[in-house]
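Novice: Take this structure, written in structure tokens, and hold onto it; I'll ask about it next.
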Amino acid sequence: MIRGGPNRRPSALATFCDAEHVTASEPAEPAAARDPHRPARLLRAERDALLPILHRTPDRAFDRPTACPGWSVRDVLAHCAAALSRIATGKLHAFTPALNEVDVAKRREWPLTDILAELSAGYQKAGKAITDAGGKLDVIALGEWLHGGDIRDALGEPLAYASDGFDDACVLLCDWTRHKAIPLVRAQISGSTLTLGAAKPGRVPATLHTTRPTMMRLFAGRPADPSDYHLTGATAAELTVF
């Protein structure tokens with residue numbers, strides 16, 4: 001789905017993403033049991049944080065380009081709204097770039113208020129469908145949250161790729177990197193160690209020292225300042241999962 005992120009919950013990172021005893025010849029520790037409420041919780045956090053920003057943003061700012069090639073802020077919002085509507089109504093497609101563009105093109109004629117209304121409704125209604133899918137659609141919630149980072153970044157807002165819901169997004173990212181079987185990476189961020197990806201025979205785990213938003217940028221395939229991270233044992237391209 002993604003195109004190529006005050007009252008804080010206790011950190012879930014160590015519980016769900018850490019594997020302290022992995023070697024090059026061992027598999028990573030199995031993922032913890034899925035929390036079926038995590039995706040919906042992440043969508044609610046994004047709704048509550050992003051919509052107030054959008055409602056105070058001048059109309060002209062929605063035409064700004066984003067990290068998603070060829071898409072403006074408005075286009076990314078249209079994509080997010082369309083994807084959530086499809087999830088909520090069960091009208092799924094393969095979410096390929098071509099099909100995503102069809103959804104966005106259809107909404108280019110819509111008033112901005114209609115796009116924001118569809119997005120708001122999607123945040124509220126899609127969570128149950130994702131929960132009921134048993135994990136198959138969890139990555140959609142992660143993608144919506146990362147696109148929220150794209151939007152904040154384009155608008156010059158703070159906390160791009162590090163907004164409310166970051167811990168839940170990290171857990172979903174850990175799951176997705178295992179699914180995509182990227183090389184095993186131990187990431188040091190904000191005093192926590194995250195283990196992402198999957199062990200590969202004969203390959204030593206890579207190490208990444210970085211900040212919260214830069215880690216999300218790297219795994220989402222977004223531009224990242226090389227001075228903001230130190231990566232050994234893998235290339236940035238190998239980390240990209242979207």
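Ordering of the structure tokens sets the chain letters (A, B, ...), residue numbers begin anew at 1 in every chain, and ligands are numbered from 1 in the order given.
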I'd like the neighbourhood of segment 227-236 of chain A as a ChimeraX atom specification, where a residue qualifies if any of its atoms comes within 12 Å (using only C-alpha atoms), though same-chain residues fewer than 6 positions away should be ignored.

Specialist: /A:24,182-189,197,203-221

Novice: Produce a file of the selected residues containing C-alpha atoms, as a short mmCIF file (atom, residue, chain, number, x, y, z; two decimals), in the first residue's frame.

Specialist:
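Contents of result.cif, as written:
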data_model
loop_
_atom_site.label_atom_id
_atom_site.label_comp_id
_atom_site.auth_asym_id
_atom_site.auth_seq_id
_atom_site.Cartn_x
_atom_site.Cartn_y
_atom_site.Cartn_z
CA ALA A 24 25.09 -15.63 11.96
CA ILE A 182 15.96 -8.64 4.72
CA PRO A 183 19.39 -9.27 6.29
CA LEU A 184 19.36 -9.35 10.07
CA VAL A 185 20.00 -5.88 11.50
CA ARG A 186 20.52 -4.78 15.10
CA ALA A 187 19.46 -1.14 15.32
CA GLN A 188 20.49 1.06 18.24
CA ILE A 189 18.03 3.93 18.67
CA GLY A 197 15.03 -8.84 9.43
CA ARG A 203 26.17 -13.72 7.35
CA VAL A 204 26.97 -11.69 10.45
CA PRO A 205 24.12 -9.43 11.62
CA ALA A 206 24.41 -5.84 10.41
CA THR A 207 24.46 -2.98 12.93
CA LEU A 208 22.73 0.37 12.64
CA HIS A 209 23.21 3.37 14.92
CA THR A 210 20.73 6.12 14.19
CA THR A 211 17.76 8.20 15.30
CA ARG A 212 14.10 7.21 15.33
CA PRO A 213 13.04 9.10 12.20
CA THR A 214 16.14 8.14 10.22
CA MET A 215 15.61 4.45 10.96
CA MET A 216 12.08 4.69 9.58
CA ARG A 217 13.32 6.61 6.55
CA LEU A 218 15.86 3.89 5.77
CA PHE A 219 13.47 0.97 6.00
CA ALA A 220 10.75 2.85 4.12
CA GLY A 221 13.14 3.79 1.31
#

Novice: Quick one: DSSP strand (DSSP E) residues in segment 47-213 of chain A, as JSON, numbers by chain?

Specialist: {"A": [185, 186, 187, 188, 189, 192, 193, 194, 195, 196, 206, 207, 208, 209, 210]}

Novice: Which of these residues is nearest to Arg41 of chain A, using only C-alpha atoms: A:Asp150, A:Asp132, A:Glu118, A:Asp164?

Specialist: A:Asp164

Novice: Could you pull the residues within 12 Å of Gly122 of chain A, counting only C-alpha atoms, minus those fewer than 5 positions along the same chain, as a list of chain:residue names?

Specialist: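 Within the cut-off, the hits are A:Ala40, A:Leu43, A:Arg44, A:Glu46, A:Arg47, A:Leu77, A:Ala78, A:His79, A:Cys80, A:Ala81, A:Ala82, A:Ala83, A:Leu84, A:Ser85, A:Arg86, A:Ile87, A:Ala88, A:Thr89, A:Ile115, A:Leu116, A:Ala117, A:Gly127, A:Lys128, A:Ala129, A:Ile130, A:Ile140, A:Ala141, A:Glu144.
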
Novice: Using only C-alpha atoms, find the one residue out of A:Ile53, A:Ala67, A:Asp168, A:Ala45 that sits nearest to Ala154 of chain A.

Specialist: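 Using only C-alpha atoms, the shortest distance to Ala154 of chain A belongs to A:Ala67.
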